[in-house]
Structures are given as structure tokens and as C-alpha cells.
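Quick look at protein39.txt (compact mmCIF, C-alpha atoms and all ligand atoms):
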# COMPACT_ATOMS: atom_id res chain seq x y z
CA MET A 1 0.00 0.00 0.00
CA ILE A 2 1.30 3.44 -0.90
CA ILE A 3 0.00 6.51 0.93
CA ALA A 4 0.85 9.92 -0.53
CA ILE A 5 0.73 12.88 1.84
CA ASP A 6 1.23 16.35 0.38
CA GLY A 7 0.78 19.87 1.65
CA PRO A 8 2.53 23.07 2.70
CA SER A 9 5.03 23.39 5.54
CA ALA A 10 3.77 23.27 9.13
CA ALA A 11 0.38 21.86 8.13
CA GLY A 12 1.19 18.74 10.16
CA LYS A 13 1.94 16.36 7.30
CA GLY A 14 5.23 15.03 8.69
CA THR A 15 3.78 14.12 12.07
CA LEU A 16 0.73 12.60 10.41
CA ALA A 17 2.75 10.60 7.88
CA ARG A 18 5.02 9.24 10.62
CA LYS A 19 2.03 8.20 12.76
CA LEU A 20 0.29 6.52 9.82
CA ALA A 21 3.45 4.62 8.90
CA ALA A 22 3.86 3.37 12.48
CA ALA A 23 0.21 2.38 12.85
CA LEU A 24 0.05 0.57 9.50
CA ASP A 25 3.56 -0.93 9.68
CA LEU A 26 4.68 0.87 6.53
CA ALA A 27 8.03 2.49 5.68
CA TYR A 28 8.19 6.27 5.86
CA LEU A 29 10.02 8.75 3.65
CA ASP A 30 10.10 12.49 4.31
CA THR A 31 10.89 13.64 0.76
CA GLY A 32 11.53 17.23 1.86
CA THR A 33 14.68 15.94 3.55
CA ILE A 34 16.00 14.87 0.15
CA TYR A 35 15.64 18.40 -1.23
CA ARG A 36 17.12 19.78 1.98
CA ALA A 37 20.14 17.46 1.81
CA ALA A 38 20.78 18.39 -1.83
CA ALA A 39 20.49 22.09 -0.93
CA ALA A 40 22.89 21.67 2.01
CA LYS A 41 25.40 19.93 -0.23
CA MET A 42 25.20 22.83 -2.62
CA LEU A 43 25.65 25.44 0.10
CA ASP A 44 28.69 23.47 1.37
CA ALA A 45 30.20 23.82 -2.09
CA GLY A 46 29.68 27.59 -1.91
CA ALA A 47 27.16 27.65 -4.79
CA ASP A 48 24.09 29.93 -4.89
CA PRO A 49 20.85 27.89 -4.80
CA GLY A 50 18.93 30.76 -6.35
CA ARG A 51 21.20 31.08 -9.39
CA ASP A 52 23.35 28.06 -10.08
CA ALA A 53 21.03 25.45 -11.63
CA GLU A 54 23.99 23.44 -12.94
CA ALA A 55 25.53 23.04 -9.45
CA ALA A 56 22.08 22.21 -8.03
CA GLY A 57 21.61 19.42 -10.57
CA GLN A 58 25.07 18.06 -9.77
CA ALA A 59 24.39 18.10 -6.01
CA ALA A 60 21.09 16.27 -6.56
CA ARG A 61 22.64 13.62 -8.83
CA ALA A 62 25.49 12.98 -6.39
CA LEU A 63 23.22 12.67 -3.33
CA VAL A 64 23.39 9.43 -1.33
CA LEU A 65 20.85 8.27 1.26
CA ALA A 66 23.33 8.59 4.15
CA GLU A 67 23.30 12.37 3.62
CA LEU A 68 19.64 12.56 4.64
CA SER A 69 20.61 12.12 8.28
CA ARG A 70 23.11 14.96 8.48
CA PRO A 71 22.32 17.44 11.27
CA GLY A 72 20.99 20.95 10.71
CA LEU A 73 18.75 20.18 7.72
CA ARG A 74 15.71 21.87 9.30
CA GLU A 75 17.37 25.27 9.61
CA GLU A 76 15.63 28.15 7.85
CA ASN A 77 18.43 28.91 5.37
CA ILE A 78 18.27 25.27 4.24
CA SER A 79 14.44 25.42 4.01
CA GLN A 80 14.63 28.37 1.64
CA ALA A 81 17.51 26.88 -0.37
CA ALA A 82 15.62 23.57 -0.70
CA SER A 83 12.55 25.42 -1.96
CA GLN A 84 14.74 27.31 -4.46
CA ILE A 85 16.44 24.26 -5.96
CA ALA A 86 13.09 22.41 -5.98
CA THR A 87 12.01 24.73 -8.82
CA ILE A 88 14.77 23.35 -11.08
CA PRO A 89 13.55 20.51 -13.36
CA SER A 90 16.98 18.74 -13.48
CA VAL A 91 17.01 18.61 -9.66
CA ARG A 92 13.51 17.13 -9.53
CA ALA A 93 14.38 14.59 -12.22
CA ALA A 94 17.54 13.52 -10.37
CA LEU A 95 15.60 12.95 -7.13
CA LEU A 96 12.60 11.18 -8.67
CA ASP A 97 14.08 7.66 -8.97
CA LEU A 98 15.26 7.71 -5.38
CA GLN A 99 11.71 8.42 -4.21
CA ARG A 100 10.06 5.94 -6.56
CA ASP A 101 12.55 3.20 -5.63
CA PHE A 102 11.69 3.72 -1.99
CA ALA A 103 7.96 3.44 -2.74
CA SER A 104 8.27 0.35 -4.92
CA ARG A 105 10.86 -1.43 -2.75
CA PRO A 106 10.29 -0.20 0.81
CA PRO A 107 13.16 -1.04 3.21
CA GLU A 108 13.07 -3.61 6.01
CA GLY A 109 10.62 -5.85 4.19
CA LYS A 110 7.71 -3.45 4.75
CA LYS A 111 4.65 -4.04 2.60
CA GLY A 112 4.22 -0.45 1.57
CA ALA A 113 5.23 3.10 2.27
CA VAL A 114 4.01 6.51 3.33
CA LEU A 115 5.76 9.37 1.52
CA ASP A 116 5.22 13.01 2.35
CA GLY A 117 6.14 16.07 0.29
CA ARG A 118 4.64 18.45 -2.24
CA ASP A 119 4.19 16.32 -5.40
CA ILE A 120 3.85 12.74 -4.14
CA GLY A 121 0.25 12.30 -5.28
CA THR A 122 0.69 14.28 -8.49
CA VAL A 123 4.12 13.15 -9.78
CA VAL A 124 6.12 10.73 -7.63
CA CYS A 125 3.35 8.18 -6.92
CA PRO A 126 0.30 9.12 -8.96
CA GLN A 127 -0.92 5.51 -8.54
CA ALA A 128 -0.85 5.77 -4.72
CA ASP A 129 -3.70 3.89 -3.05
CA ILE A 130 -4.56 6.82 -0.83
CA LYS A 131 -3.72 10.48 -1.32
CA ILE A 132 -4.19 13.08 1.38
CA PHE A 133 -3.51 16.80 0.97
CA VAL A 134 -2.89 18.18 4.46
CA THR A 135 -3.42 21.88 4.85
CA ALA A 136 -4.17 24.51 7.52
CA SER A 137 -4.73 28.25 7.66
CA PRO A 138 -1.58 30.40 7.29
CA GLU A 139 -2.14 31.69 10.85
CA ALA A 140 -2.33 28.19 12.35
CA ARG A 141 0.75 27.08 10.44
CA ALA A 142 2.80 30.14 11.36
CA ALA A 143 1.82 29.82 15.03
CA ARG A 144 2.90 26.15 15.01
CA ARG A 145 6.23 26.84 13.34
CA HIS A 146 6.91 29.76 15.73
CA LYS A 147 6.19 27.53 18.76
CA GLU A 148 8.29 24.69 17.31
CA LEU A 149 11.29 27.02 16.95
CA LEU A 150 10.87 28.44 20.47
CA ASP A 151 10.49 24.91 21.91
CA ARG A 152 13.77 23.97 20.21
CA GLY A 153 15.39 26.90 22.01
CA GLU A 154 15.86 28.91 18.80
CA ALA A 155 15.18 32.63 18.50
CA SER A 156 12.00 33.26 16.53
CA ILE A 157 10.14 36.39 15.50
CA TYR A 158 6.53 35.65 14.52
CA ALA A 159 6.43 38.23 11.70
CA ARG A 160 9.60 36.73 10.22
CA VAL A 161 8.12 33.23 10.40
CA VAL A 162 5.05 34.44 8.45
CA GLN A 163 7.27 36.12 5.85
CA ASP A 164 9.47 33.02 5.35
CA MET A 165 6.45 30.76 5.11
CA GLU A 166 4.74 32.97 2.54
CA ALA A 167 7.90 33.09 0.41
CA ARG A 168 8.23 29.31 0.45
CA ASP A 169 4.50 28.66 -0.16
CA ALA A 170 4.50 31.01 -3.13
CA ARG A 171 7.61 29.41 -4.67
CA ASP A 172 6.45 25.83 -4.02
CA SER A 173 2.96 26.34 -5.43
CA THR A 174 3.67 28.55 -8.46
CA ARG A 175 6.77 26.85 -9.90
CA GLY A 176 6.38 25.29 -13.34
CA ALA A 177 7.85 21.92 -12.34
CA ALA A 178 5.56 19.78 -10.16
CA PRO A 179 3.90 22.64 -8.25
CA MET A 180 2.34 21.83 -4.90
CA LYS A 181 -1.37 21.13 -5.33
CA PRO A 182 -3.88 18.48 -4.31
CA ALA A 183 -3.71 15.47 -6.65
CA PRO A 184 -6.88 14.43 -8.45
CA GLY A 185 -8.79 12.21 -6.02
CA ALA A 186 -6.87 13.47 -2.97
CA PHE A 187 -8.70 13.92 0.32
CA VAL A 188 -8.12 17.42 1.66
CA LEU A 189 -7.55 17.39 5.42
CA ASP A 190 -7.62 20.82 7.08
CA THR A 191 -5.79 20.58 10.40
CA SER A 192 -6.30 24.24 11.49
CA ALA A 193 -8.50 23.16 14.39
CA LEU A 194 -7.04 19.68 14.90
CA ASP A 195 -4.20 18.56 17.14
CA ALA A 196 -1.88 15.76 15.99
CA ASP A 197 -4.06 13.00 17.48
CA ALA A 198 -7.27 14.35 15.93
CA ALA A 199 -5.57 14.71 12.53
CA PHE A 200 -4.31 11.14 12.82
CA ALA A 201 -7.81 9.86 13.72
CA ALA A 202 -9.29 11.68 10.71
CA ALA A 203 -6.63 10.25 8.39
CA MET A 204 -7.11 6.71 9.75
CA LYS A 205 -10.83 6.99 8.92
CA ILE A 206 -9.90 7.91 5.35
CA VAL A 207 -7.48 4.98 5.18
CA ALA A 208 -9.99 2.51 6.67
CA ALA A 209 -12.62 3.49 4.14
CA HIS A 210 -10.35 3.49 1.11
CA ARG A 211 -7.49 1.05 1.65
CA PRO A 212 -7.10 -1.51 -1.19
CA SER A 213 -8.64 -4.44 0.71
CA SER A 214 -11.59 -2.38 1.94
CA PRO A 215 -15.03 -3.54 0.76
CA ALA A 216 -15.99 0.15 0.57
CA ARG A 217 -13.55 0.65 -2.29
CA LYS A 218 -15.01 0.69 -5.77
CA PRO A 219 -13.76 -2.09 -8.10
O1 LIG B 301 8.70 19.38 3.42
P1 LIG B 301 9.90 20.33 3.63
O2 LIG B 301 9.50 21.63 4.23
O3 LIG B 301 11.01 19.67 4.38
O4 LIG B 301 10.45 20.61 2.13
C1 LIG B 301 11.51 21.51 1.87
C2 LIG B 301 11.37 22.05 0.46
O5 LIG B 301 11.60 20.99 -0.48
C3 LIG B 301 9.98 22.59 0.12
O6 LIG B 301 9.88 23.98 0.39
C4 LIG B 301 9.85 22.30 -1.35
C5 LIG B 301 10.74 21.11 -1.60
N1 LIG B 301 10.00 19.86 -1.78
C6 LIG B 301 9.48 19.61 -3.03
O7 LIG B 301 9.56 20.46 -3.91
N2 LIG B 301 8.87 18.43 -3.30
C7 LIG B 301 8.74 17.50 -2.35
N3 LIG B 301 8.14 16.33 -2.64
C8 LIG B 301 9.25 17.74 -1.04
C9 LIG B 301 9.86 18.95 -0.78
Represent the structure from my file as C-alpha cells, please.
Amino acid sequence: MIIAIDGPSAAGKGTLARKLAAALDLAYLDTGTIYRAAAAKMLDAGADPGRDAEAAGQAARALVLAELSRPGLREENISQAASQIATIPSVRAALLDLQRDFASRPPEGKKGAVLDGRDIGTVVCPQADIKIFVTASPEARAARRHKELLDRGEASIYARVVQDMEARDARDSTRGAAPMKPAPGAFVLDTSALDADAAFAAAMKIVAAHRPSSPARKP
């Protein structure tokens, strides 16, 4: 079973995807980490993620899975750089096989996978059994991100968080290559008024009603 979770940052898709994977005994891949690791590699090399498409493509092609666990990938400069290189078609093409391989041959003998990102239901796994587009109001998302940063002991200014989020949302949803949008047939889950447990319960209902073996599923 493949479950595709897409949506903007701080909508709760990572937490939800991780909980679904654990509950259903599926493998989990946070595809944003792949873009982040490629962006970090590029910054290490001193290249400009906003200008140097050639270096971005090279960093993406040379990426190995071990690099996904390097520390610091969630920092804001990496978030913006990842969003910048994610607009480059050669970067997306280089990272596509890695994601599809994971979905078709999940590690540790798992019988399926949950992938989260921006284009899982539209491009990476358009045949996914279940697609969920997780969203929330900009205010709810900004408040969550602000709290997350403060909880991690980082300095955070709310207005700056809103500004960074808007910049990334705009870039991720208006780019020509695989823009973020709900896939056809995706269930839209608005988590503005839901905590992580309530969002998980809502998603499990969707899964129960639509998983491949479910009698409720149309032939
Ligand atoms: O999910 P995230 O915030 O870690 O993703 C970082 C950036 O990577 C995001 O702003 C856009 C890009 N991304 C993408 O274009 N496609 C994906 N499937 C996942 C992430």
C-alpha cells in the first residue's frame, strides 16, 4: 500500500505521515529531507541555490541516502535553499528515482510506504492507493512553526516566520515543475483546528474506508 501525503510546511503532514506509517507498519520517507540534503550539499560547495542550476543538478545527482541524516537540515536557510532548488527541473528529475525506488521497494521488508512532500500524489506516486492533501490556515501554520522554533530553544520572531512561510509557499505552489497542489482524487484534510491525534484519527478513517482491501472501495 502506498500513501501519498502532500501539503505546505507546518500543516502537520510530517507528524501525520510518521504516525500513519507506524500504525500501519509501513516504511516512511520524508521527501523534503532529500531536497534539503541536496540544498545543504550545494551550500557546502559555496554555490548559490537561487542562481546556479547546474551546481544544483550536480548536487542532486550525487546525493546518497546517508546524507539525509546529516544534522541541521531543518534550519531556515536550508528550508529556503531547498525550496529554491526544488524549482529546477533537473534537480527534480535527479531525485525522482530515489523516491520511486523507496515506494516500490520499501526497506526492512515493509509491505508499503508513506511518503510526504509536495508532489507525491501528483508526480512521484500518482498511482498511490490513498492520497491526502494536508493543509491549515496560514495563521495556524505560522503559530505552530513559531512555537516549534521556540520549543527547540531557537530565537523566533513571529512576523519573520510568516514572511518566510509565505515566500516558500509562493515558490512551491507557483513553480512550473511539479507545483504543490492536491492530486486528483486526494482527500483534503484541514488541520487548522485539529491537534496531531485528531488529525491522525481523521486520516485513519480515510485509510480505513479506502485502503485496497476495503469492501468500501469501488472495483
Ligand atoms: O517538506 P519540507 O519543508 O522539508 O520541504 C523543503 C522544500 O523541499 C519545500 O519547500 C519544497 C521542496 N520539496 C518539493 O519540492 N517536493 C517534495 N516532494 C518535497 C519537498
Check: Of the candidates A:Gln99, A:Thr33, A:Thr135, A:Gln127, which shows the shortest atom-to-atom distance to Leu68 in chain A, using only C-alpha atoms?
Finding: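 Result for the nearest residue to Leu68 in chain A: A:Thr33.
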Notebook entry, point to check: With distances taken over all atoms listed in the file, which of A:Arg171, A:Lys111, A:Arg105, A:Lys205 is nearest to ligand LIG 301 (chain B)?
Noted result: A:Arg171
Check: Expressed in Å to a single decimal, how great is the separation between CA of Val91 in chain A and CA of Val134 in chain A?
Finding: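 Taking CA of Val91 in chain A and CA of Val134 in chain A, their separation equals 24.4 Å.
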Item checked: Environment of ligand LIG 301 (chain B) within 7 Å, counting all atoms listed in the file, reported as an MDAnalysis selection string -> chainID A and resid 9 31:33 35:36 79:80 82:83 86:87 116:120 168 172
How would the residues just picked look written out with C-alpha atoms as a PDB file, in the frame of the given file?
ATOM      1  CA  SER A   9       5.030  23.390   5.540  1.00  0.00           C
ATOM      2  CA  THR A  31      10.890  13.640   0.760  1.00  0.00           C
ATOM      3  CA  GLY A  32      11.530  17.230   1.860  1.00  0.00           C
ATOM      4  CA  THR A  33      14.680  15.940   3.550  1.00  0.00           C
ATOM      5  CA  TYR A  35      15.640  18.400  -1.230  1.00  0.00           C
ATOM      6  CA  ARG A  36      17.120  19.780   1.980  1.00  0.00           C
ATOM      7  CA  SER A  79      14.440  25.420   4.010  1.00  0.00           C
ATOM      8  CA  GLN A  80      14.630  28.370   1.640  1.00  0.00           C
ATOM      9  CA  ALA A  82      15.620  23.570  -0.700  1.00  0.00           C
ATOM     10  CA  SER A  83      12.550  25.420  -1.960  1.00  0.00           C
ATOM     11  CA  ALA A  86      13.090  22.410  -5.980  1.00  0.00           C
ATOM     12  CA  THR A  87      12.010  24.730  -8.820  1.00  0.00           C
ATOM     13  CA  ASP A 116       5.220  13.010   2.350  1.00  0.00           C
ATOM     14  CA  GLY A 117       6.140  16.070   0.290  1.00  0.00           C
ATOM     15  CA  ARG A 118       4.640  18.450  -2.240  1.00  0.00           C
ATOM     16  CA  ASP A 119       4.190  16.320  -5.400  1.00  0.00           C
ATOM     17  CA  ILE A 120       3.850  12.740  -4.140  1.00  0.00           C
ATOM     18  CA  ARG A 168       8.230  29.310   0.450  1.00  0.00           C
ATOM     19  CA  ASP A 172       6.450  25.830  -4.020  1.00  0.00           C
TER      20      ASP A 172
END
Checklist line | Using all atoms listed in the file: which of A:Ile157, A:Ala4, A:Met165, A:Leu73 has the shortest distance to Gly185 in chain A | finding: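 Residue with the minimum atom-to-atom distance to Gly185 in chain A: A:Ala4.
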Checklist line | Between CA of Lys13 in chain A and CA of Met1 in chain A - distance in Å to one decimal | finding: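 So the two atoms, CA of Met1 in chain A and CA of Lys13 in chain A, lie 18.0 Å apart.
Neighbours of Leu189 in chain A closer than or equal to 8 Å, with all atoms listed in the file counted and sequence neighbours fewer than 3 positions away skipped, come out as Ile132, Phe133, Val134, Thr135, Ala199, Ala202 and Ala203 of chain A.
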Next item on the list: Kindly provide, as an NGL selection string, the polymer residues lying within 12 Å of (-11.7, 13.4, -3.1), counting only C-alpha atoms and using the coordinates exactly as they appear in the file.
Entry: :A and (130-133 or 182-189 or 206 or 210)
Margin query: Taking (0.7, 14.3, 15.3) in the coordinates of the supplied file, I want to know which residues reach to within 7 Å of it, counting all atoms listed in the file; could you give the answer as a list in words?
Written below: Gly12, Thr15, Leu16, Lys19, Asp195, Ala196, Asp197, Ala199 and Phe200 of chain A
Next item on the list: Grab the CA of Arg211 in chain A to CA of Gly7 in chain A distance for me, in Å with one decimal place.
Entry: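 Pair CA of Arg211 in chain A / CA of Gly7 in chain A returns 20.6 Å.
Compared by their closest atoms to Pro212 in chain A, and using all atoms listed in the file, the residues A:Glu139, A:Asp129, A:Val114, A:Pro71 rank with A:Asp129 nearest.
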Item checked: Nearest-residue call for Ala47 in chain A, choices A:Ala66, A:Ala103, A:Ile85, A:Ala27, using only C-alpha atoms ->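 Nearest candidate to Ala47 in chain A out of A:Ala66, A:Ala103, A:Ile85, A:Ala27: A:Ile85.
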Margin query: Ranking A:Arg100, A:Arg160, A:Arg92, A:Arg141 by minimum distance to Pro8 in chain A and counting all atoms listed in the file, which one comes first?
Written below: A:Arg141
Check: Near Pro138 in chain A, within 9 Å and counting all atoms listed in the file, which residues show up once chain neighbours fewer than 3 positions away are dropped, as a list in words?
Finding: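 Surrounding residues, per the criterion: Ala11, Arg141, Ala142, Ala143, Val162, Met165, Glu166 and Ser192 of chain A.
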